[in-house]
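Colleague: Once you've had a glance at the structure underneath, I'll fire off some questions.
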Amino acid sequence: MSDWRSVTSGVPQDSVLAPVMFIVYINHVPEGTQNYMNMSADDAKILGKMGDGDHCNVFQTDLNKISAWSVKWQMEFNVDKCHVMECGIGENRSDTIYKLCGMNYRTVIRKETFRVVVYSKLLPEEHTKNIVRGTDASLSNFTLVVNYMDGEVLKKLFITYVRPKLEYAAVVWCPNLKKYIKKL
């Protein structure tokens, strides 16, 4: 049994209930925001259309609300890990610089989330390269021992170690072009 401690803010780390308590603690962050907010574990993403200045102002207003929430509940954001990724091409795109907690967001063209690499052009090229690299490494290990096992064992190894790498989050990154399918 651990010793008692005072918790003045946040959620105690390394306890069995910490994940559930954290979810309860942050579950109301998106309340009052106009853009869609996706949250999982300690990660949050705000998604919105940035067609003109009005959209940008609404997005910044949402960031201000989230920033006010973090001050109220004494839970600081790691602003160094926060950034903006613009997807697609827009003629009316504004050059707005977004701020969170008084700090400017960095603009990036690449983001990795849950081991899926997404580029601002929304092409799965880099992600496909990573998958091929990882599966090639697994397959090269199999070639060392293929002479010593039967087909059934090789099939189980493939299903266990290679196929999950090829299929992981395929719905998200969707290899729809022939060149990506051929690489895979």
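We label chains A, B, ... in the order they appear in the structure tokens, count residues from 1 in each chain, and number ligands from 1 in the order shown.
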Tell me which protein, DNA and RNA residues are within 9 Å of range 72-81 of chain A, counting only C-alpha atoms, leaving out same-chain ones fewer than 3 positions away, and put them as JSON, numbers by chain.

Modeller: {"A": [9, 10, 25, 67, 68, 69, 100, 101, 103, 104, 105, 106]}

Colleague: Kindly indicate which residue among A:Asp42, A:Thr160, A:Ile131, A:Val84 lies nearest to Ala18 in chain A, using only C-alpha atoms for the distances.

Modeller: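 Among the listed residues, the smallest separation from Ala18 in chain A belongs to A:Asp42.
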
Colleague: From a backbone DSSP assignment, name each residue in range 28-152 of chain A labelled alpha helix (DSSP H), as an MDAnalysis selection string.

Modeller: chainID A and resid 53:72 125:145 151:152

Colleague: Just asking: which residues within range 38-165 of chain A are strand (DSSP E or B) according to DSSP, as a list of chain:residue names?

Modeller: A:Asn38, A:Met39, A:Ser40, A:Asp43, A:Ala44, A:Lys45, A:Ile46, A:Leu47, A:His83, A:Val84, A:Lys99, A:Leu100, A:Met103, A:Asn104, A:Arg106, A:Thr107, A:Arg110, A:Lys111, A:Glu112, A:Thr113, A:Val116, A:Val117, A:Val118, A:Tyr119

Colleague: Store the residues of this selection in a file with N, CA, C and O atoms, as a compact mmCIF listing (two decimals), in the first residue's frame.

Modeller:
```
# COMPACT_ATOMS: atom_id res chain seq x y z
N ASN A 38 -10.91 15.90 -31.31
CA ASN A 38 -10.71 14.48 -31.09
C ASN A 38 -9.71 14.32 -29.96
O ASN A 38 -8.62 14.88 -30.02
N MET A 39 -10.08 13.54 -28.94
CA MET A 39 -9.18 13.35 -27.81
C MET A 39 -8.97 11.86 -27.58
O MET A 39 -9.91 11.07 -27.65
N SER A 40 -7.73 11.49 -27.30
CA SER A 40 -7.41 10.12 -26.90
C SER A 40 -6.20 10.17 -25.99
O SER A 40 -5.20 10.81 -26.32
N ASP A 43 -3.68 13.16 -25.75
CA ASP A 43 -3.49 13.80 -27.04
C ASP A 43 -4.82 14.38 -27.50
O ASP A 43 -5.87 13.76 -27.32
N ALA A 44 -4.80 15.56 -28.07
CA ALA A 44 -6.02 16.19 -28.58
C ALA A 44 -5.73 16.83 -29.93
O ALA A 44 -4.65 17.38 -30.14
N LYS A 45 -6.71 16.73 -30.82
CA LYS A 45 -6.60 17.36 -32.13
C LYS A 45 -7.87 18.14 -32.40
O LYS A 45 -8.96 17.63 -32.19
N ILE A 46 -7.70 19.36 -32.88
CA ILE A 46 -8.85 20.17 -33.27
C ILE A 46 -8.83 20.22 -34.80
O ILE A 46 -7.82 20.57 -35.40
N LEU A 47 -9.95 19.86 -35.39
CA LEU A 47 -10.04 19.82 -36.84
C LEU A 47 -11.06 20.85 -37.31
O LEU A 47 -12.17 20.91 -36.77
N HIS A 83 1.15 22.03 -32.71
CA HIS A 83 1.46 22.60 -34.01
C HIS A 83 0.22 22.57 -34.90
O HIS A 83 -0.79 21.97 -34.57
N VAL A 84 0.34 23.22 -36.04
CA VAL A 84 -0.73 23.30 -37.03
C VAL A 84 -0.27 22.57 -38.27
O VAL A 84 0.88 22.70 -38.70
N LYS A 99 -2.28 30.89 -31.85
CA LYS A 99 -1.61 30.94 -30.55
C LYS A 99 -2.35 30.08 -29.54
O LYS A 99 -3.57 30.00 -29.57
N LEU A 100 -1.58 29.45 -28.67
CA LEU A 100 -2.13 28.71 -27.54
C LEU A 100 -1.31 29.09 -26.32
O LEU A 100 -0.08 28.98 -26.35
N MET A 103 1.66 31.38 -26.89
CA MET A 103 2.77 30.93 -27.73
C MET A 103 2.27 30.64 -29.14
O MET A 103 1.18 30.11 -29.32
N ASN A 104 3.10 30.96 -30.15
CA ASN A 104 2.74 30.68 -31.54
C ASN A 104 2.84 29.19 -31.82
O ASN A 104 3.76 28.52 -31.34
N ARG A 106 3.70 26.12 -34.27
CA ARG A 106 4.58 25.85 -35.41
C ARG A 106 3.72 25.20 -36.50
O ARG A 106 2.82 24.44 -36.21
N THR A 107 4.04 25.48 -37.76
CA THR A 107 3.36 24.83 -38.87
C THR A 107 4.23 23.68 -39.35
O THR A 107 5.43 23.84 -39.53
N ARG A 110 4.28 17.31 -41.79
CA ARG A 110 4.27 15.88 -41.50
C ARG A 110 3.90 15.68 -40.05
O ARG A 110 4.38 16.38 -39.17
N LYS A 111 3.05 14.69 -39.79
CA LYS A 111 2.66 14.37 -38.42
C LYS A 111 2.49 12.87 -38.30
O LYS A 111 1.91 12.23 -39.17
N GLU A 112 3.03 12.31 -37.24
CA GLU A 112 2.85 10.88 -36.98
C GLU A 112 1.95 10.73 -35.76
O GLU A 112 2.22 11.28 -34.71
N THR A 113 0.87 9.99 -35.94
CA THR A 113 -0.08 9.74 -34.86
C THR A 113 -0.39 8.26 -34.84
O THR A 113 -0.81 7.70 -35.85
N VAL A 116 0.95 6.15 -37.62
CA VAL A 116 0.52 6.44 -38.99
C VAL A 116 1.06 7.82 -39.35
O VAL A 116 0.79 8.79 -38.66
N VAL A 117 1.86 7.88 -40.42
CA VAL A 117 2.45 9.14 -40.86
C VAL A 117 1.49 9.81 -41.84
O VAL A 117 1.08 9.20 -42.82
N VAL A 118 1.15 11.07 -41.55
CA VAL A 118 0.25 11.83 -42.41
C VAL A 118 0.99 13.07 -42.89
O VAL A 118 1.61 13.78 -42.09
N TYR A 119 0.92 13.32 -44.19
CA TYR A 119 1.49 14.53 -44.78
C TYR A 119 0.38 15.50 -45.13
O TYR A 119 -0.76 15.09 -45.35
```
